[in-house]
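Everything below belongs to work-v1.txt, which stores compact mmCIF, C-alpha atoms.
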```txt
# COMPACT_ATOMS: atom_id res chain seq x y z
CA MET E 929 75.56 92.31 127.68
CA VAL E 930 77.44 90.20 125.15
CA ALA E 931 78.46 93.26 123.14
CA ALA E 932 79.66 95.00 126.29
CA ALA E 933 81.67 91.94 127.32
CA ASN E 934 83.28 91.74 123.89
CA MET E 935 84.19 95.43 124.05
CA VAL E 936 85.80 94.94 127.46
CA GLU E 937 87.79 91.98 126.11
CA VAL E 938 89.09 93.92 123.10
CA ALA E 939 89.86 96.99 125.22
CA ALA E 940 91.82 94.86 127.69
CA LEU E 941 93.82 93.24 124.90
CA VAL E 942 94.71 96.55 123.27
CA GLY E 943 95.31 98.25 126.62
CA ASP E 944 98.34 96.17 127.55
CA THR E 945 101.57 98.10 126.87
CA ALA E 946 103.41 95.25 125.14
CA ARG E 947 100.44 94.27 122.99
CA ALA E 948 99.72 97.91 122.11
CA THR E 949 103.35 98.34 121.04
CA MET E 950 103.19 95.27 118.80
CA LEU E 951 99.89 96.36 117.27
CA ALA E 952 101.33 99.82 116.59
CA ALA E 953 104.33 98.22 114.86
CA LEU E 954 102.00 96.30 112.57
CA MET E 955 100.10 99.45 111.59
CA GLY E 956 102.73 99.99 108.92
CA GLY E 957 100.92 97.30 106.93
CA GLN E 958 103.87 94.89 106.99
CA ALA E 959 103.82 91.35 108.34
CA LEU E 960 106.35 90.75 111.13
CA THR E 961 107.60 87.68 112.98
CA ALA E 962 107.20 87.09 116.70
CA SER E 963 110.93 87.77 117.18
CA GLU E 964 110.68 91.12 115.39
CA LEU E 965 107.62 92.10 117.41
CA ALA E 966 109.27 90.98 120.65
CA ALA E 967 112.20 93.25 119.89
CA ARG E 968 109.86 96.19 119.22
CA ALA E 969 108.04 95.61 122.52
CA ARG E 970 111.28 94.85 124.39
CA ILE E 971 110.00 91.58 125.77
CA SER E 972 111.13 87.97 125.44
CA ARG E 973 110.20 85.82 122.45
CA SER E 974 108.13 83.48 124.63
CA THR E 975 106.22 86.36 126.23
CA ALA E 976 105.54 87.85 122.79
CA SER E 977 104.20 84.51 121.55
CA GLY E 978 101.71 84.43 124.42
CA HIS E 979 100.51 87.96 123.66
CA LEU E 980 100.27 87.23 119.93
CA GLY E 981 98.24 84.10 120.58
CA LYS E 982 95.67 86.17 122.45
CA LEU E 983 95.51 88.77 119.68
CA VAL E 984 95.05 86.08 117.02
CA GLY E 985 92.39 84.39 119.14
CA ALA E 986 90.48 87.68 119.35
CA ARG E 987 90.80 88.09 115.55
CA LEU E 988 92.75 91.32 115.88
CA LEU E 989 95.70 89.69 114.10
CA ILE E 990 96.07 86.90 111.58
CA VAL E 991 99.12 84.69 111.21
CA THR E 992 100.63 83.14 108.08
CA GLN E 993 103.18 80.33 108.06
CA LYS E 994 106.02 80.67 105.55
CA ARG E 995 108.68 78.01 105.76
CA ARG E 996 110.01 78.13 109.32
CA ASN E 997 108.59 81.54 110.21
CA ARG E 998 105.16 82.70 111.26
CA TYR E 999 104.23 86.21 110.15
CA TYR E 1000 101.65 88.33 111.95
CA ARG E 1001 99.65 91.20 110.53
CA ILE E 1002 96.56 93.28 111.27
CA ALA E 1003 93.48 91.15 110.58
CA SER E 1004 91.44 93.69 108.62
CA PRO E 1005 90.99 97.37 107.73
CA LEU E 1006 88.31 97.49 110.44
CA VAL E 1007 90.87 96.60 113.11
CA ALA E 1008 93.36 99.09 111.66
CA ARG E 1009 90.69 101.80 111.73
CA MET E 1010 89.93 101.04 115.38
CA LEU E 1011 93.60 101.31 116.34
CA GLU E 1012 94.12 104.56 114.43
CA SER E 1013 90.97 106.01 116.01
CA ILE E 1014 92.28 105.19 119.48
CA LYS E 1015 95.53 106.93 118.56
CA ALA E 1016 93.63 109.98 117.31
CA VAL E 1017 91.49 110.20 120.45
CA ALA E 1018 94.56 109.82 122.65
CA ALA E 1019 96.35 112.60 120.74
CA ILE E 1020 93.43 115.02 120.74
CA GLU E 1021 91.33 114.36 123.83
CA VAL E 1022 93.84 113.18 126.43
CA PRO E 1023 95.78 115.97 128.21
CA PRO E 1024 99.23 116.18 126.60
CA ARG E 1025 102.22 114.75 128.42
CA HIS E 1026 105.56 116.46 127.88
CA GLN E 1027 107.89 114.28 125.87
CA SER E 1028 111.08 115.33 124.15
CA ARG E 1029 110.80 115.11 120.36
CA SER E 1030 113.34 113.15 118.35
CA ILE E 1031 114.24 113.19 114.67
CA ALA E 1032 112.32 109.94 114.26
CA ASP E 1033 109.24 111.54 115.89
CA ASP E 1034 109.37 114.44 113.43
CA GLN E 1035 109.83 112.05 110.49
CA LEU E 1036 106.84 110.00 111.68
CA ARG E 1037 104.71 113.11 111.87
CA PHE E 1038 105.84 114.23 108.43
CA ALA E 1039 105.04 111.03 106.50
CA ARG E 1040 104.09 107.54 107.62
CA THR E 1041 101.99 104.57 106.64
CA CYS E 1042 98.61 104.15 108.32
CA TYR E 1043 97.98 100.45 107.64
CA ASP E 1044 97.85 100.69 103.82
CA HIS E 1045 97.53 104.42 103.15
CA LEU E 1046 99.56 107.58 103.72
CA ALA E 1047 99.30 109.66 106.88
CA GLY E 1048 101.06 112.56 108.55
CA TYR E 1049 101.66 115.96 106.98
CA LEU E 1050 102.15 114.40 103.54
CA GLY E 1051 98.96 112.34 103.67
CA VAL E 1052 96.93 115.37 104.75
CA ALA E 1053 98.57 117.55 102.08
CA ILE E 1054 97.57 115.05 99.35
CA ALA E 1055 94.03 114.99 100.72
CA ASP E 1056 93.91 118.80 100.73
CA ALA E 1057 95.11 118.90 97.13
CA LEU E 1058 92.43 116.46 96.00
CA VAL E 1059 89.72 118.35 97.89
CA ALA E 1060 90.88 121.75 96.60
CA LYS E 1061 90.62 120.50 93.01
CA ALA E 1062 87.18 118.96 93.71
CA HIS E 1063 88.50 115.47 92.94
CA VAL E 1064 87.48 114.15 96.36
CA VAL E 1065 84.90 115.19 98.94
CA LEU E 1066 85.73 114.44 102.58
CA THR E 1067 83.31 115.08 105.43
CA ASP E 1068 82.69 113.70 108.89
CA ASP E 1069 80.10 111.42 107.30
CA GLY E 1070 82.34 109.86 104.65
CA GLY E 1071 84.29 110.31 101.46
CA GLU E 1072 83.43 110.46 97.76
CA VAL E 1073 85.44 110.53 94.54
CA THR E 1074 83.95 112.90 91.97
CA ALA E 1075 83.85 112.38 88.19
CA SER E 1076 86.92 114.58 87.78
CA GLY E 1077 88.59 112.66 90.59
CA THR E 1078 87.95 109.36 88.85
CA HIS E 1079 89.64 110.69 85.73
CA PHE E 1080 92.55 112.23 87.68
CA LEU E 1081 93.25 109.19 89.84
CA SER E 1082 92.90 106.76 86.94
CA ALA E 1083 95.43 108.79 84.95
CA PHE E 1084 97.69 108.69 88.02
CA GLY E 1085 97.58 104.88 87.86
CA ALA E 1086 95.09 104.10 90.58
CA VAL E 1087 92.88 101.05 90.04
CA LEU E 1088 89.53 102.30 91.25
CA GLU E 1089 87.58 99.10 90.66
CA PRO E 1090 87.86 97.04 93.87
CA LYS E 1091 88.50 93.33 93.60
CA SER E 1092 85.45 91.13 93.24
CA GLY E 1093 83.93 90.34 96.60
CA SER E 1094 85.89 93.06 98.39
CA ARG E 1095 84.10 94.53 101.41
CA ARG E 1096 86.59 97.37 101.71
CA ILE E 1097 85.21 100.90 102.08
CA PHE E 1098 85.91 102.69 98.81
CA CYS E 1099 86.85 106.15 100.08
CA ARG E 1100 86.69 107.52 103.58
CA PRO E 1101 88.28 110.26 105.70
CA CYS E 1102 90.70 109.16 108.41
CA LEU E 1103 91.45 111.64 111.18
CA ASP E 1104 95.21 112.11 111.33
CA TRP E 1105 96.42 111.97 114.95
CA SER E 1106 99.44 114.24 114.37
CA GLU E 1107 97.90 116.79 111.96
CA ARG E 1108 94.42 116.53 113.51
CA ARG E 1109 92.79 116.75 110.10
CA PHE E 1110 91.67 114.26 107.46
CA HIS E 1111 93.79 112.16 105.15
CA VAL E 1112 92.34 109.74 102.56
CA ALA E 1113 91.79 106.12 103.58
CA GLY E 1114 89.92 103.14 102.19
CA HIS E 1115 90.55 101.62 98.78
CA VAL E 1116 91.35 105.03 97.26
CA GLY E 1117 93.91 105.85 99.94
CA ALA E 1118 95.57 102.47 99.48
CA GLU E 1119 95.82 103.01 95.72
CA ILE E 1120 97.38 106.45 96.14
CA GLN E 1121 100.03 104.99 98.42
CA ARG E 1122 100.66 102.07 96.05
CA CYS E 1123 101.12 104.39 93.08
CA CYS E 1124 103.51 106.68 94.97
CA LEU E 1125 105.63 103.71 96.05
CA GLU E 1126 105.66 102.11 92.60
CA ARG E 1127 106.65 105.40 90.97
CA GLY E 1128 109.62 105.59 93.33
CA TRP E 1129 108.33 108.79 94.91
CA LEU E 1130 108.43 107.29 98.38
CA ARG E 1131 110.72 104.91 100.22
CA ARG E 1132 109.50 103.00 103.24
CA ASP E 1133 111.60 102.62 106.37
CA ARG E 1134 112.28 98.95 106.98
CA ASP E 1135 111.70 98.91 110.72
CA THR E 1136 109.22 101.75 111.29
CA ARG E 1137 106.13 103.32 109.74
CA ILE E 1138 108.22 106.26 108.50
CA VAL E 1139 108.05 107.07 104.78
CA HIS E 1140 110.77 109.11 103.06
CA VAL E 1141 110.18 111.29 99.99
CA THR E 1142 112.75 110.68 97.23
CA PRO E 1143 114.10 113.40 94.89
CA ALA E 1144 111.81 112.00 92.19
CA GLY E 1145 108.96 112.21 94.67
CA GLN E 1146 109.59 115.88 95.38
CA ILE E 1147 109.22 116.60 91.67
CA GLY E 1148 106.24 114.30 91.20
CA LEU E 1149 104.35 115.59 94.24
CA ARG E 1150 104.89 119.18 93.11
CA LYS E 1151 103.77 118.59 89.52
CA THR E 1152 100.86 116.28 90.32
CA PHE E 1153 99.47 117.59 93.60
CA GLY E 1154 101.05 121.04 93.98
CA ILE E 1155 102.88 120.01 97.15
CA HIS E 1156 106.20 121.85 97.54
CA LEU E 1157 108.84 120.28 99.77
CA SER E 1158 112.41 121.20 100.57
CA GLY E 1159 115.50 119.49 99.18
CA ASN E 1160 115.45 117.24 102.24
CA GLY E 1161 111.92 116.09 101.45
CA ASP E 1162 110.36 117.91 104.40
CA ARG E 1163 107.77 120.65 104.75
CA SER E 1164 110.11 123.62 105.16
CA ALA E 1165 110.08 124.74 101.52
CA ALA E 1166 106.37 125.43 101.77
CA SER E 1167 107.22 128.61 103.66
CA SER E 1168 108.32 130.43 100.52
CA PRO E 1169 106.32 133.60 99.68
CA ALA E 1170 104.50 131.82 96.87
CA HIS E 1171 103.32 129.08 99.21
CA GLU E 1172 102.35 130.70 102.48
CA VAL E 1173 101.89 128.22 105.31
CA MET E 1174 99.05 128.03 107.81
CA ASN E 1175 99.16 125.26 110.43
CA GLY E 1176 101.91 123.56 108.49
CA VAL E 1177 99.94 123.23 105.23
CA PRO E 1178 100.58 125.33 102.09
CA MET E 1179 97.71 127.75 101.54
CA GLU E 1180 97.38 126.75 97.89
CA ILE E 1181 96.35 123.23 98.84
CA ARG E 1182 94.24 124.01 101.88
CA ARG E 1183 90.53 123.37 101.78
```

In structure tokens, how does this file's structure come out?
Amino acid sequence: MVAAANMVEVAALVGDTARATMLAALMGGQALTASELAARARISRSTASGHLGKLVGARLLIVTQKRRNRYYRIASPLVARMLESIKAVAAIEVPPRHQSRSIADDQLRFARTCYDHLAGYLGVAIADALVAKAHVVLTDDGGEVTASGTHFLSAFGAVLEPKSGSRRIFCRPCLDWSERRFHVAGHVGAEIQRCCLERGWLRRDRDTRIVHVTPAGQIGLRKTFGIHLSGNGDRSAASSPAHEVMNGVPMEIRR
């Protein structure tokens, strides 16, 4: 009974439109102020503070005080995984509602942050490349980095030894709500994203979860993972004869 009551409480908190919008904004992995979150949810600052207090009280968010501002962020990878799973179920199981697509929608589907790892077409393409080269094994039951994968990712710059005391899952599949296939999450996924950002291959949007591929990133992704993108950093170049596309993913990097 207690577990059921707790589930109802969490579901009610997440089910509110304003709170869901603020939680979705924080899924980019960044910490945001109440004013920033209020603007995203299109509600007043005072109303946002009330919602945020409830989310902090339920341990879905944590808050950090820095000078005069309070910054909110997702409390843990477990909470982020729950939110992304809800998004995936809503995208796959719920009957689709017609909505006009915008440029921002297409950019979000192409490449975005999923808490602390890469998602969208780009995240799935990287996962496919790692699986195709037997560096990573992804199944419904979990994820594993092989011996060759340890060597490859270490050479890429990933720190594969988690911090002491870390309870983070090392490598796991995360079902991508837009591509409807796996991308890499967990500690390994976070390290891949960190390396891509530090190499200047990717540039994060300040106010959204969108990630842009830089010219250096187009070269690096092609040489390292075999992912071919167009000059605009999108998926269109993968349609060349040498890289036939099926379901939006180059055949050479499909599992």

Which value, in Å to one decimal, gives the distance between atom CA of Thr961 of chain E and atom CA of Arg1040 of chain E?
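Value for the atom CA of Thr961 of chain E-atom CA of Arg1040 of chain E distance: 20.9 Å.
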
Residue contacts of Met1010 of chain E (12 Å, all atoms listed in the file) excluding same-chain residues fewer than 6 positions away, as a short mmCIF file (atom, residue, chain, number, x, y, z; two decimals) with C-alpha atoms, in the coordinates of the input:
```cif
data_model
loop_
_atom_site.label_atom_id
_atom_site.label_comp_id
_atom_site.auth_asym_id
_atom_site.auth_seq_id
_atom_site.Cartn_x
_atom_site.Cartn_y
_atom_site.Cartn_z
CA MET E 935 84.19 95.43 124.05
CA VAL E 938 89.09 93.92 123.10
CA ALA E 939 89.86 96.99 125.22
CA VAL E 942 94.71 96.55 123.27
CA LEU E 951 99.89 96.36 117.27
CA ALA E 952 101.33 99.82 116.59
CA MET E 955 100.10 99.45 111.59
CA LEU E 988 92.75 91.32 115.88
CA ILE E 1002 96.56 93.28 111.27
CA ALA E 1003 93.48 91.15 110.58
CA SER E 1004 91.44 93.69 108.62
CA ALA E 1016 93.63 109.98 117.31
CA VAL E 1017 91.49 110.20 120.45
CA CYS E 1042 98.61 104.15 108.32
CA TYR E 1043 97.98 100.45 107.64
CA CYS E 1102 90.70 109.16 108.41
CA LEU E 1103 91.45 111.64 111.18
#
```

Taking 2 positions as the minimum chain separation for residues in the same chain, which residues sit within 12 Å of Val1059 of chain E when counting all atoms listed in the file? Answer as a list in words.
Val1052, Ala1053, Ile1054, Ala1055, Asp1056, Ala1057, Lys1061, Ala1062, His1063, Val1064, Val1065, Leu1066, Thr1067, Gly1071, Glu1072, Val1073, Thr1074, Ser1076, Gly1077, Pro1101, Phe1110, His1111, Val1112, Phe1153, Glu1180, Ile1181, Arg1182 and Arg1183 of chain E

Can you work out which one of E:Arg1037, E:Asp1044, E:Gly981, E:Ala962 has the shortest atom-to-atom distance to Arg996 of chain E, counting only C-alpha atoms?
E:Ala962

First collect every listed atom of segment 956-960 of chain E; then fit an axis-aligned box around them, widen it by 5 Å on each side, and give centre and edge lengths in Å to one decimal, as lines of an AutoDock Vina configuration file.
```
center_x = 103.6
center_y = 95.4
center_z = 109.0
size_x = 15.4
size_y = 19.2
size_z = 14.2
```

Report, in Å to a single decimal, how far apart atom CA of Arg1009 of chain E and atom CA of Arg1108 of chain E are.
15.3 Å

Residues of segment 1106-1147 of chain E that approach segment 1030-1036 of chain E to 12 Å or less, counting all atoms listed in the file: could you list each one with the shortest pair of atoms and its distance in Å to one decimal, rows by chain and increasing residue number, as a Markdown table?
```
| residue | atom | partner | partner_atom | distance |
| --- | --- | --- | --- | --- |
| E:Ser1106 | CA | E:Leu1036 | CA | 8.9 |
| E:Glu1107 | CA | E:Leu1036 | CA | 11.2 |
| E:Arg1132 | CA | E:Leu1036 | CA | 11.3 |
| E:Asp1133 | CA | E:Leu1036 | CA | 10.3 |
| E:Asp1135 | CA | E:Ala1032 | CA | 11.6 |
| E:Thr1136 | CA | E:Leu1036 | CA | 8.6 |
| E:Arg1137 | CA | E:Leu1036 | CA | 7.0 |
| E:Ile1138 | CA | E:Leu1036 | CA | 5.1 |
| E:Val1139 | CA | E:Leu1036 | CA | 7.6 |
| E:His1140 | CA | E:Gln1035 | CA | 8.0 |
| E:Val1141 | CA | E:Gln1035 | CA | 10.5 |
```

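All residues of protein, DNA or RNA that reach within 9 Å of Arg970 of chain E, judged by only C-alpha atoms and not counting those fewer than 4 positions away in the chain, are Ala946, Leu965 and Ala966 of chain E.
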
Give the answer as one residue: which of E:Lys994, E:His1045, E:Arg1109, E:Arg968 has the shortest atom-to-atom distance to Gln1121 of chain E, using all atoms listed in the file?
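Among E:Lys994, E:His1045, E:Arg1109, E:Arg968, it is E:His1045 that comes nearest to Gln1121 of chain E.
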